[in-house]
Structures are given as C-alpha cells and as structure tokens.
$ cat entry.txt   # compact mmCIF, C-alpha atoms
# COMPACT_ATOMS: atom_id res chain seq x y z
CA MET A 5 0.00 0.00 0.00
CA ILE A 6 1.12 3.59 -0.58
CA ASN A 7 2.27 5.17 2.66
CA ASP A 8 0.06 8.20 3.36
CA ALA A 9 3.07 9.92 4.92
CA ALA A 10 4.88 9.98 1.60
CA SER A 11 5.04 13.34 -0.12
CA PRO A 12 3.17 13.80 -3.45
CA SER A 13 6.48 13.64 -5.31
CA GLU A 14 7.22 10.28 -3.70
CA LYS A 15 3.90 8.69 -4.58
CA PHE A 16 4.07 6.53 -7.65
CA SER A 17 2.45 7.65 -10.88
CA LYS A 18 2.11 4.99 -13.53
CA ASP A 19 2.09 7.68 -16.21
CA ALA A 20 5.47 9.15 -15.24
CA GLN A 21 8.96 7.83 -15.80
CA PRO A 22 9.96 6.12 -12.54
CA PHE A 23 13.11 7.08 -10.70
CA PHE A 24 14.02 3.46 -9.86
CA SER A 25 13.55 0.31 -11.90
CA VAL A 26 13.68 -2.61 -9.45
CA ILE A 27 14.79 -5.72 -11.33
CA ILE A 28 13.95 -9.09 -9.78
CA LEU A 29 15.25 -12.20 -11.51
CA PHE A 30 13.30 -15.26 -10.39
CA TRP A 31 14.76 -18.74 -10.63
CA LYS A 32 13.42 -21.09 -7.95
CA GLY A 33 12.96 -19.94 -4.37
CA SER A 34 9.20 -19.51 -4.78
CA GLN A 35 8.83 -19.49 -0.99
CA TYR A 36 10.56 -16.08 -0.85
CA ILE A 37 9.19 -14.06 -3.77
CA GLN A 38 5.92 -13.02 -2.08
CA LYS A 39 7.85 -11.72 0.93
CA CYS A 40 10.13 -9.80 -1.44
CA LEU A 41 7.17 -8.09 -3.13
CA ASN A 42 5.52 -7.39 0.21
CA ALA A 43 8.68 -5.60 1.32
CA LEU A 44 8.60 -3.48 -1.82
CA ASP A 45 4.94 -2.73 -1.24
CA ARG A 46 5.91 -1.20 2.10
CA GLN A 47 8.47 1.19 0.61
CA THR A 48 7.89 4.78 1.72
CA PHE A 49 9.47 6.07 -1.50
CA ARG A 50 7.02 5.12 -4.24
CA ASP A 51 8.62 6.34 -7.45
CA PHE A 52 9.61 2.94 -8.84
CA GLU A 53 8.57 0.19 -11.20
CA ILE A 54 9.24 -3.51 -10.77
CA ILE A 55 10.53 -5.65 -13.62
CA LEU A 56 9.93 -9.26 -12.61
CA ILE A 57 11.55 -11.86 -14.86
CA ASP A 58 10.83 -15.58 -14.69
CA ASN A 59 14.23 -16.83 -15.79
CA ALA A 60 12.92 -20.22 -16.99
CA SER A 61 12.44 -21.27 -13.39
CA PRO A 62 11.69 -24.96 -12.79
CA GLU A 63 9.44 -23.77 -9.97
CA PRO A 64 6.34 -21.80 -10.99
CA LEU A 65 5.58 -18.45 -9.45
CA PRO A 66 2.78 -18.47 -6.85
CA GLN A 67 -0.50 -18.35 -8.74
CA ASP A 68 -1.81 -15.08 -7.33
CA LEU A 69 1.55 -13.33 -7.02
CA LEU A 70 1.01 -10.68 -9.69
CA THR A 71 -2.30 -9.58 -8.18
CA SER A 72 -1.27 -9.80 -4.54
CA CYS A 73 0.11 -6.24 -4.41
CA PRO A 74 -2.20 -4.13 -6.59
CA ASP A 75 -0.47 -0.85 -5.68
CA LEU A 76 2.81 -2.02 -7.20
CA ASN A 77 3.63 -1.36 -10.84
CA ILE A 78 4.84 -4.83 -11.81
CA ARG A 79 5.91 -5.60 -15.36
CA PHE A 80 6.24 -9.35 -15.79
CA PHE A 81 8.35 -11.16 -18.40
CA LYS A 82 9.04 -14.85 -18.90
CA GLN A 83 12.09 -16.46 -20.47
CA ASN A 84 12.13 -19.90 -22.05
CA THR A 85 15.79 -20.51 -21.18
CA ASN A 86 17.85 -19.65 -18.11
CA LEU A 87 19.92 -16.61 -19.05
CA GLY A 88 21.90 -16.67 -15.83
CA PHE A 89 22.23 -13.79 -13.38
CA ALA A 90 24.37 -11.66 -15.70
CA ALA A 91 22.41 -11.82 -18.97
CA GLY A 92 19.10 -12.01 -17.09
CA ASN A 93 19.71 -8.67 -15.41
CA ASN A 94 20.98 -7.19 -18.67
CA TYR A 95 17.66 -8.16 -20.17
CA GLY A 96 15.88 -6.49 -17.28
CA SER A 97 17.93 -3.35 -17.81
CA SER A 98 16.92 -3.23 -21.47
CA LEU A 99 13.28 -3.10 -20.35
CA ALA A 100 13.82 -0.56 -17.58
CA THR A 101 12.60 3.02 -17.87
CA GLY A 102 13.97 4.34 -14.56
CA GLN A 103 17.00 6.58 -14.07
CA PHE A 104 18.50 4.07 -11.62
CA LEU A 105 18.52 0.29 -11.69
CA ALA A 106 17.89 -1.35 -8.32
CA LEU A 107 18.82 -5.02 -8.55
CA LEU A 108 17.12 -7.13 -5.91
CA ASN A 109 17.35 -10.87 -5.41
CA SER A 110 14.05 -12.67 -5.01
CA ASP A 111 15.21 -13.82 -1.56
CA ALA A 112 16.01 -10.27 -0.41
CA PHE A 113 13.63 -8.17 1.68
CA PRO A 114 14.39 -4.44 1.94
CA LYS A 115 13.32 -2.37 4.94
CA PRO A 116 10.57 0.19 4.21
CA ASP A 117 13.02 3.10 3.94
CA TRP A 118 15.45 1.33 1.58
CA LEU A 119 14.65 3.29 -1.59
CA LYS A 120 13.98 6.48 0.37
CA ASN A 121 17.51 6.38 1.79
CA VAL A 122 19.06 5.48 -1.55
CA ASN A 123 17.22 8.38 -3.16
CA ALA A 124 18.63 10.76 -0.52
CA ALA A 125 22.13 9.42 -1.16
CA VAL A 126 21.78 9.99 -4.91
CA GLN A 127 21.47 13.71 -4.21
CA THR A 128 24.73 13.63 -2.21
CA TYR A 129 26.69 11.28 -4.47
CA PRO A 130 25.75 11.91 -8.11
CA ASP A 131 27.06 9.46 -10.70
CA CYS A 132 27.76 6.71 -8.17
CA SER A 133 26.51 3.18 -7.65
CA PHE A 134 25.39 2.08 -4.19
CA ALA A 135 25.86 -0.97 -1.97
CA SER A 136 23.19 -1.92 0.56
CA ARG A 137 23.76 -3.13 4.09
CA LEU A 138 22.89 -6.82 3.83
CA ILE A 139 21.64 -8.64 6.93
CA MET A 140 21.23 -12.41 7.10
CA ALA A 141 17.50 -13.01 6.98
CA GLU A 142 17.71 -16.28 8.87
CA GLN A 143 20.31 -15.01 11.36
CA PRO A 144 19.37 -11.34 11.74
CA ASP A 145 22.04 -10.73 14.35
CA LEU A 146 24.70 -11.24 11.64
CA LEU A 147 25.68 -9.23 8.59
CA ASP A 148 25.72 -10.70 5.10
CA GLY A 149 27.93 -7.90 3.84
CA GLU A 150 28.72 -4.20 3.62
CA GLY A 151 29.77 -3.98 0.01
CA ASP A 152 32.48 -6.03 -1.67
CA VAL A 153 36.23 -6.10 -1.18
CA TYR A 154 38.60 -6.59 -4.11
CA HIS A 155 42.06 -7.73 -3.05
CA VAL A 156 45.08 -6.97 -5.25
CA SER A 157 45.57 -10.73 -5.66
CA GLY A 158 42.18 -10.99 -7.38
CA LEU A 159 40.42 -12.57 -4.39
CA VAL A 160 37.06 -11.08 -3.42
CA TRP A 161 34.79 -11.22 -0.39
CA HIS A 162 31.88 -9.46 1.30
CA ARG A 163 33.09 -6.88 3.76
CA SER A 164 31.97 -7.77 7.32
CA TYR A 165 30.48 -11.07 6.18
CA MET A 166 29.05 -12.90 9.24
CA ALA A 167 30.12 -10.09 11.56
CA PRO A 168 27.84 -9.44 14.56
CA LEU A 169 25.31 -6.78 13.64
CA ALA A 170 25.42 -5.09 17.04
CA GLN A 171 29.20 -4.75 16.97
CA THR A 172 29.65 -3.63 13.35
CA ALA A 173 28.84 -0.13 12.25
CA SER A 174 30.90 0.76 9.19
CA PRO A 175 30.27 4.37 8.18
CA GLU A 176 28.78 5.55 4.93
CA GLY A 177 31.54 5.72 2.37
CA GLU A 178 33.35 4.21 -0.56
CA VAL A 179 33.67 0.47 -1.18
CA PHE A 180 35.01 -1.34 -4.21
CA SER A 181 31.66 -2.57 -5.52
CA ALA A 182 28.12 -3.55 -4.59
CA CYS A 183 26.83 -7.07 -4.07
CA GLY A 184 24.31 -7.81 -6.81
CA ALA A 185 21.76 -9.10 -4.29
CA ALA A 186 20.74 -5.48 -3.59
CA ALA A 187 22.75 -3.10 -5.77
CA ILE A 188 21.83 0.26 -7.26
CA TYR A 189 23.40 1.55 -10.49
CA PRO A 190 22.80 4.68 -12.59
CA LYS A 191 21.24 3.22 -15.72
CA GLN A 192 23.33 5.51 -17.93
CA ALA A 193 26.54 4.21 -16.35
CA PHE A 194 25.35 0.59 -16.49
CA ASP A 195 24.63 0.92 -20.20
CA LEU A 196 27.86 2.83 -20.87
CA VAL A 197 30.07 -0.03 -19.66
CA GLY A 198 27.89 -2.69 -21.28
CA GLY A 199 26.19 -4.02 -18.16
CA PHE A 200 27.14 -7.44 -16.82
CA ASP A 201 29.38 -9.69 -18.88
CA PRO A 202 26.96 -12.42 -20.03
CA ASP A 203 29.81 -14.93 -20.40
CA TYR A 204 30.10 -14.99 -16.60
CA PHE A 205 26.59 -16.49 -16.32
CA ALA A 206 26.63 -16.05 -12.52
CA TYR A 207 28.97 -15.30 -9.60
CA THR A 208 31.58 -12.53 -9.46
CA GLU A 209 29.77 -10.73 -12.28
CA ASP A 210 28.95 -7.91 -9.85
CA ILE A 211 32.65 -7.48 -8.97
CA ASP A 212 33.52 -7.39 -12.66
CA LEU A 213 30.84 -4.77 -13.32
CA GLY A 214 31.99 -2.73 -10.33
CA PHE A 215 35.59 -2.90 -11.58
CA ARG A 216 34.60 -1.64 -15.05
CA LEU A 217 32.46 1.12 -13.57
CA ARG A 218 35.46 2.24 -11.49
CA LEU A 219 37.70 2.28 -14.52
CA ALA A 220 35.10 4.46 -16.26
CA GLY A 221 35.12 6.90 -13.33
CA TYR A 222 32.08 5.77 -11.32
CA ARG A 223 32.58 5.17 -7.61
CA CYS A 224 30.54 2.88 -5.35
CA ILE A 225 29.17 4.12 -2.02
CA TYR A 226 28.17 1.87 0.87
CA LEU A 227 24.93 3.01 2.56
CA PRO A 228 24.45 1.63 6.09
CA SER A 229 20.95 3.13 6.09
CA ALA A 230 19.90 1.07 3.04
CA GLU A 231 19.21 -2.17 4.86
CA VAL A 232 18.09 -5.40 3.20
CA PHE A 233 17.51 -8.82 4.74
CA HIS A 234 19.00 -11.49 2.49
CA VAL A 235 18.56 -15.25 2.68
CA GLY A 236 21.54 -15.91 0.41
CA SER A 237 21.60 -18.82 -2.05
CA GLY A 238 17.83 -18.77 -1.76
CA SER A 239 17.44 -20.15 -5.28
CA SER A 240 20.57 -22.25 -5.65
CA GLY A 241 20.88 -23.60 -2.10
CA PRO A 242 24.20 -23.86 -0.25
CA ARG A 243 27.35 -23.33 -2.26
CA SER A 244 27.25 -25.97 -4.98
CA ARG A 245 30.00 -27.37 -7.13
CA GLU A 246 28.52 -25.43 -10.04
CA ALA A 247 28.69 -22.17 -8.08
CA THR A 248 32.27 -22.92 -7.06
CA TYR A 249 33.16 -23.49 -10.70
CA TYR A 250 31.74 -20.15 -11.87
CA HIS A 251 33.29 -18.25 -8.99
CA GLN A 252 36.76 -19.69 -9.59
CA ARG A 253 36.63 -19.26 -13.36
CA ASN A 254 35.23 -15.75 -13.27
CA MET A 255 37.76 -14.59 -10.69
CA VAL A 256 40.53 -15.15 -13.25
CA TRP A 257 38.60 -13.40 -16.02
CA THR A 258 37.95 -10.36 -13.82
CA PHE A 259 41.64 -9.88 -13.07
CA PHE A 260 42.85 -10.42 -16.64
CA LYS A 261 40.17 -8.23 -18.19
CA ASN A 262 40.20 -5.26 -15.85
CA MET A 263 43.57 -4.80 -14.16
CA PRO A 264 45.42 -1.92 -15.91
CA SER A 265 48.68 -2.85 -17.62
CA PRO A 266 51.22 -1.47 -15.09
CA LEU A 267 49.37 -3.10 -12.20
CA PHE A 268 48.80 -6.27 -14.22
CA ALA A 269 52.54 -6.64 -14.81
CA LEU A 270 53.21 -6.04 -11.12
CA LEU A 271 50.54 -8.37 -9.75
CA VAL A 272 49.98 -11.16 -12.28
CA LEU A 273 52.48 -13.56 -10.64
CA PHE A 274 50.80 -12.92 -7.29
CA HIS A 275 47.43 -13.66 -8.88
CA LEU A 276 48.65 -16.89 -10.47
CA ALA A 277 50.26 -18.00 -7.20
CA VAL A 278 47.00 -17.43 -5.34
CA ASN A 279 45.13 -19.50 -7.91
CA LEU A 280 47.68 -22.29 -7.50
CA LEU A 281 47.21 -22.21 -3.72
CA LEU A 282 43.44 -22.35 -4.16
CA ALA A 283 43.82 -25.39 -6.41
CA ILE A 284 46.02 -27.11 -3.83
CA ASN A 285 43.58 -26.24 -1.07
CA SER A 286 40.76 -27.78 -3.11
CA LEU A 287 42.32 -31.19 -2.57
CA ALA A 288 41.37 -31.06 1.09
CA LYS A 289 37.76 -30.27 0.21
CA ASN A 290 37.42 -32.93 -2.49
CA LEU A 291 36.83 -30.19 -5.05
CA GLU A 292 40.00 -30.60 -7.07
CA THR A 293 38.10 -31.59 -10.25
CA VAL A 294 35.89 -28.47 -10.04
CA TYR A 295 38.83 -26.15 -9.41
CA LEU A 296 40.91 -27.69 -12.17
CA LYS A 297 38.08 -27.41 -14.71
CA ALA A 298 37.39 -23.81 -13.66
CA LYS A 299 41.00 -22.72 -14.10
CA VAL A 300 41.49 -24.66 -17.34
CA ASP A 301 38.31 -23.16 -18.80
CA ALA A 302 39.33 -19.69 -17.63
CA PHE A 303 42.59 -19.83 -19.58
CA LYS A 304 41.07 -21.71 -22.49
CA ASP A 305 39.06 -18.57 -23.28
CA ILE A 306 41.73 -16.06 -22.30
CA ASP A 307 42.03 -14.80 -25.88
CA LYS A 308 38.39 -13.75 -25.79
CA VAL A 309 38.93 -12.13 -22.39
CA TRP A 310 41.97 -10.29 -23.74
CA ARG A 311 39.93 -8.87 -26.60
CA LYS A 312 37.42 -7.56 -24.08
CA ARG A 313 40.31 -6.18 -22.06
CA LYS A 314 41.39 -3.97 -24.95
CA VAL A 315 37.96 -2.36 -25.04
CA VAL A 316 37.81 -1.91 -21.25
CA GLN A 317 41.28 -0.39 -20.98
CA ARG A 318 40.74 1.89 -23.96
CA HIS A 319 37.91 3.60 -22.10
CA ARG A 320 39.68 3.79 -18.72
CA LYS A 321 39.51 7.23 -17.10
CA VAL A 322 40.98 6.75 -13.62
CA ASN A 323 44.68 6.56 -12.81
CA ASN A 324 46.29 3.59 -11.12
CA LEU A 325 46.72 5.25 -7.73
CA VAL A 326 43.02 6.07 -7.52
CA LEU A 327 42.17 2.50 -8.45
CA LEU A 328 44.61 1.03 -5.92
CA ALA A 329 43.12 3.18 -3.19
CA ALA A 330 39.81 1.34 -3.67
CA MET A 331 41.43 -2.11 -3.32
CA ASP A 332 42.68 -4.07 -0.33
CA LEU A 333 46.47 -3.83 -0.53
CA ASN A 334 47.38 -5.84 2.56
CA PRO A 335 49.06 -9.06 1.35
CA PHE A 336 47.96 -10.82 4.53
CA SER A 337 44.28 -9.86 4.36
CA PRO A 338 43.11 -13.11 2.72
CA PHE A 339 44.75 -15.09 5.51
CA LEU A 340 43.00 -12.97 8.13
CA GLN A 341 39.60 -13.69 6.63
CA ASP A 342 37.46 -16.67 7.49
CA ARG A 343 37.43 -19.04 4.51
CA ARG A 344 33.71 -18.46 4.10
CA LYS A 345 34.38 -14.73 3.70
CA VAL A 346 36.96 -15.16 0.97
CA HIS A 347 35.53 -18.05 -0.99
CA GLY A 348 31.89 -18.19 0.08
CA ARG A 349 30.33 -15.11 -1.53
CA ARG A 350 26.59 -15.68 -1.70
CA GLN A 351 24.05 -14.18 -4.07
$ encode --input "entry.txt" --output "structure tokens"
Amino acid sequence: MINDAASPSEKFSKDAQPFFSVIILFWKGSQYIQKCLNALDRQTFRDFEIILIDNASPEPLPQDLLTSCPDLNIRFFKQNTNLGFAAGNNYGSSLATGQFLALLNSDAFPKPDWLKNVNAAVQTYPDCSFASRLIMAEQPDLLDGEGDVYHVSGLVWHRSYMAPLAQTASPEGEVFSACGAAAIYPKQAFDLVGGFDPDYFAYTEDIDLGFRLRLAGYRCIYLPSAEVFHVGSGSSGPRSREATYYHQRNMVWTFFKNMPSPLFALLVLFHLAVNLLLAINSLAKNLETVYLKAKVDAFKDIDKVWRKRKVVQRHRKVNNLVLLAAMDLNPFSPFLQDRRKVHGRRQ
C-alpha cells in the first residue's frame, strides 16, 4: 500500500517515468518471492517500477503473485531458457525506464526506507553506484555484507560477512563494488560499460561490473541506512560445485580483463600464485576436479577475455593510484579472513 506519509512527489504515478527500476530475476525460491514483493509494497518512497523476470524457473511463481500487491507497478516477463544472473539482469535493464537500476534478489527483503535512503544518497553522491547493508534473513544478528572487497591478488569477499550486527557499524563511504543481491546503479553508467558480462553467467559478475564502472570513473558508495535482509543462495541452495566453478573461473577473467597494464605486470604472478594455492587447497575439500576445470576453462578462453580487455582499458579514465586506493592492498588480508568470507560469496 502507498504510505500516506509519503510526499506527493514520492507517490508513484504509472504515467510518469519512474526514478528506480527494481529488477527481480526469479529462478526457484518460490517461498521467498511473495515476501520480497511485500517488502517493496511497504516502501515509503514510491517512485519505482518492478521488472519481474521468470528466468525459466523450474518452480512456478505463486499463482496469485502478480495480483497480490495491486499498488505495485509490476511488469512481468518470462524467459524460455535460463539466461543466468548476468544476462538475465541485462535483459531487465533493457526493459527498464527508470533513471537508476535497483537489482534485488528474489530472496532479499528491503526495509521500508530502503529506496527512500538510496534516493537521498543519490542527491549527495551523483554518478555513483550504491551498496546496501545486507543482513542475514535467517540469522538477523549477523551481517551478510557491507559492500564487496577486491584484493590486489584478485580474491574477493563481502566486507563484514558474518560479523555481529550489534558490533559492526561501518560508516557511509566508498567500497570497491556492490553485491548484486541489492545493488543500485545509474542506468546511464550501467549501459555505458555494457552491463554485466553475459559470459560470466553467474557469480563474481557484480565485482567485474563494479571494476569496469570504477575504470570508467564511477565510484561505489556503501549506505548503512539502506538495509536489506537477504537469505543468500535462496534459489541455488548452499554453495554448490557449479557455483564454485563459476566463482573460480570468473575470478581469473575479472583480473585479466580489468587490471590496468602497469598493475597487471606487477601483480599477475601474485594472482597466479594465489590461484595455485586455491587449487592445492581444493584437494582437502574434495573439489579438485571443479577447481581444475574452472581454471582450465578460464585460460582456455583467455584470448576472448583479452579482446574484451582492450575495449575496457581503452575507455579507462581513472589513474592507477586512484584504483589502488579502492582495493585491499594488505598481502595478509586473505589469511586474516574466514574461509567463508573469501571463498563463500553468496548471491
């Protein structure tokens, strides 16, 4: 329902161009989607549309879902094949009419002031993307992340993943990138860099997008006031071998495609050494076949990645020092992280 306390400018008009286009990609997890829409129905900022995409889900949407929230402007689309997270959200972006894209997982439930607080931040930080404060929906005393960390080795993790909520209060400010479970991007910037790389299919595609946005001059701001409860792996279940494969393959592609040449020359041996250590570590987890296939496939297509790299680097606007300042430079940081934080990114 529309909150009566909302100002006239905040109340949604179906005849006007919305400020936000909320893109929800549905693939299984039907037990969460109604709760997701209910959370959007309680938003105090009403100037948004919802683009709901059935990404060839093997589970049908609840029968009365599209009529359950009559005050929401829901545009529904159905795919016959699973496009993956990357191409699926690119498709949603192509349908969006809003100035900002608000990506929201179907197992994510924003607090009522989520879009209101993002809208306020847009006025303070023009031409930026935004990371939400993610809280574990099933363990609400723990954080699911405060934006994403990119380490100079190429490793990535959620900042403050599984940290106690009551003891963690990171201030509003810059992070490397936003987790795609609840990320906000200026549509113009998203389109400028080509959106997500569809070859990634899923996992680490949000880091790659954030990297390319940074190279193009767009920063990412973490908003502690933009709170979203997130189940995590609500559609895919606990980290699967398939998810591990995509994460490990895409991690290599992200480094090779985006790291500027001087930094690439300086860090590539470090990156390769880290990948070797990950492969060795996989032996203890009985995942050696998955890791080996991921790394072999990553380098099998490295020519294609290198061609993309030429395009990315040709449009780079930031200098190396500015880029480095957004990364984690501590060589010991990965060892100080819980393994789940470094290797267990959830979407």
$ closest_residue --input "entry.txt" --among "A:Val316, A:Leu146, A:Ala230, A:Ala187" --to "Asp210 in chain A" --atoms "only C-alpha atoms"
A:Ala187
$ residues_around --input "entry.txt" --residues "Ala302 in chain A" --least-positions-apart "4" --cutoff "9 Å" --atoms "only C-alpha atoms" --output "list in words"
Gln252, Arg253, Asn254, Met255, Val256, Trp257, Lys297, Ala298, Ile306 and Val309 of chain A
$ atom_distance --input "entry.txt" --atom1 "CA of Ala91 in chain A" --atom2 "CA of Ala206 in chain A"
8.8 Å
$ atom_distance --input "entry.txt" --atom1 "CA of Arg311 in chain A" --atom2 "CA of Lys299 in chain A"
18.7 Å
$ closest_residue --input "entry.txt" --among "A:Ala269, A:Ala247, A:Ala112, A:Ile57" --to "Leu41 in chain A" --atoms "all atoms listed in the file"
A:Ala112
$ residues_around --input "entry.txt" --residues "range 195-198 of chain A" --least-positions-apart "3" --cutoff "10 Å" --atoms "only C-alpha atoms" --output "list in words"
Asn94, Ser97, Ser98, Tyr189, Pro190, Lys191, Gln192, Asp201, Pro202, Leu213, Gly214, Arg216, Leu217, Leu219, Ala220, Val315, Val316 and His319 of chain A
$ closest_residue --input "entry.txt" --among "A:Val278, A:Leu107, A:Leu70, A:Leu340" --to "Ala182 in chain A" --atoms "all atoms listed in the file"
A:Leu107
$ residues_around --input "entry.txt" --residues "Glu231 in chain A" --least-positions-apart "4" --cutoff "7 Å" --atoms "only C-alpha atoms" --output "list in words"
Pro114, Lys115, Trp118, Ser136, Arg137 and Leu138 of chain A
$ closest_residue --input "entry.txt" --among "A:Asp51, A:Asp68, A:Pro144, A:Ile211" --to "Leu159 in chain A" --atoms "only C-alpha atoms"
A:Ile211
$ atom_distance --input "entry.txt" --atom1 "CA of Gln35 in chain A" --atom2 "CA of Ser181 in chain A"
28.8 Å
$ closest_residue --input "entry.txt" --among "A:Gly184, A:Gly149, A:Pro264, A:Gly33" --to "Asp111 in chain A" --atoms "only C-alpha atoms"
A:Gly33
$ axis_aligned_box --input "entry.txt" --around "range 257-265 of chain A" --padding-each-side "8 Å" --output "JSON"
{"center_x": 43.3, "center_y": -7.7, "center_z": -15.6, "size_x": 26.7, "size_y": 27.5, "size_z": 21.1}
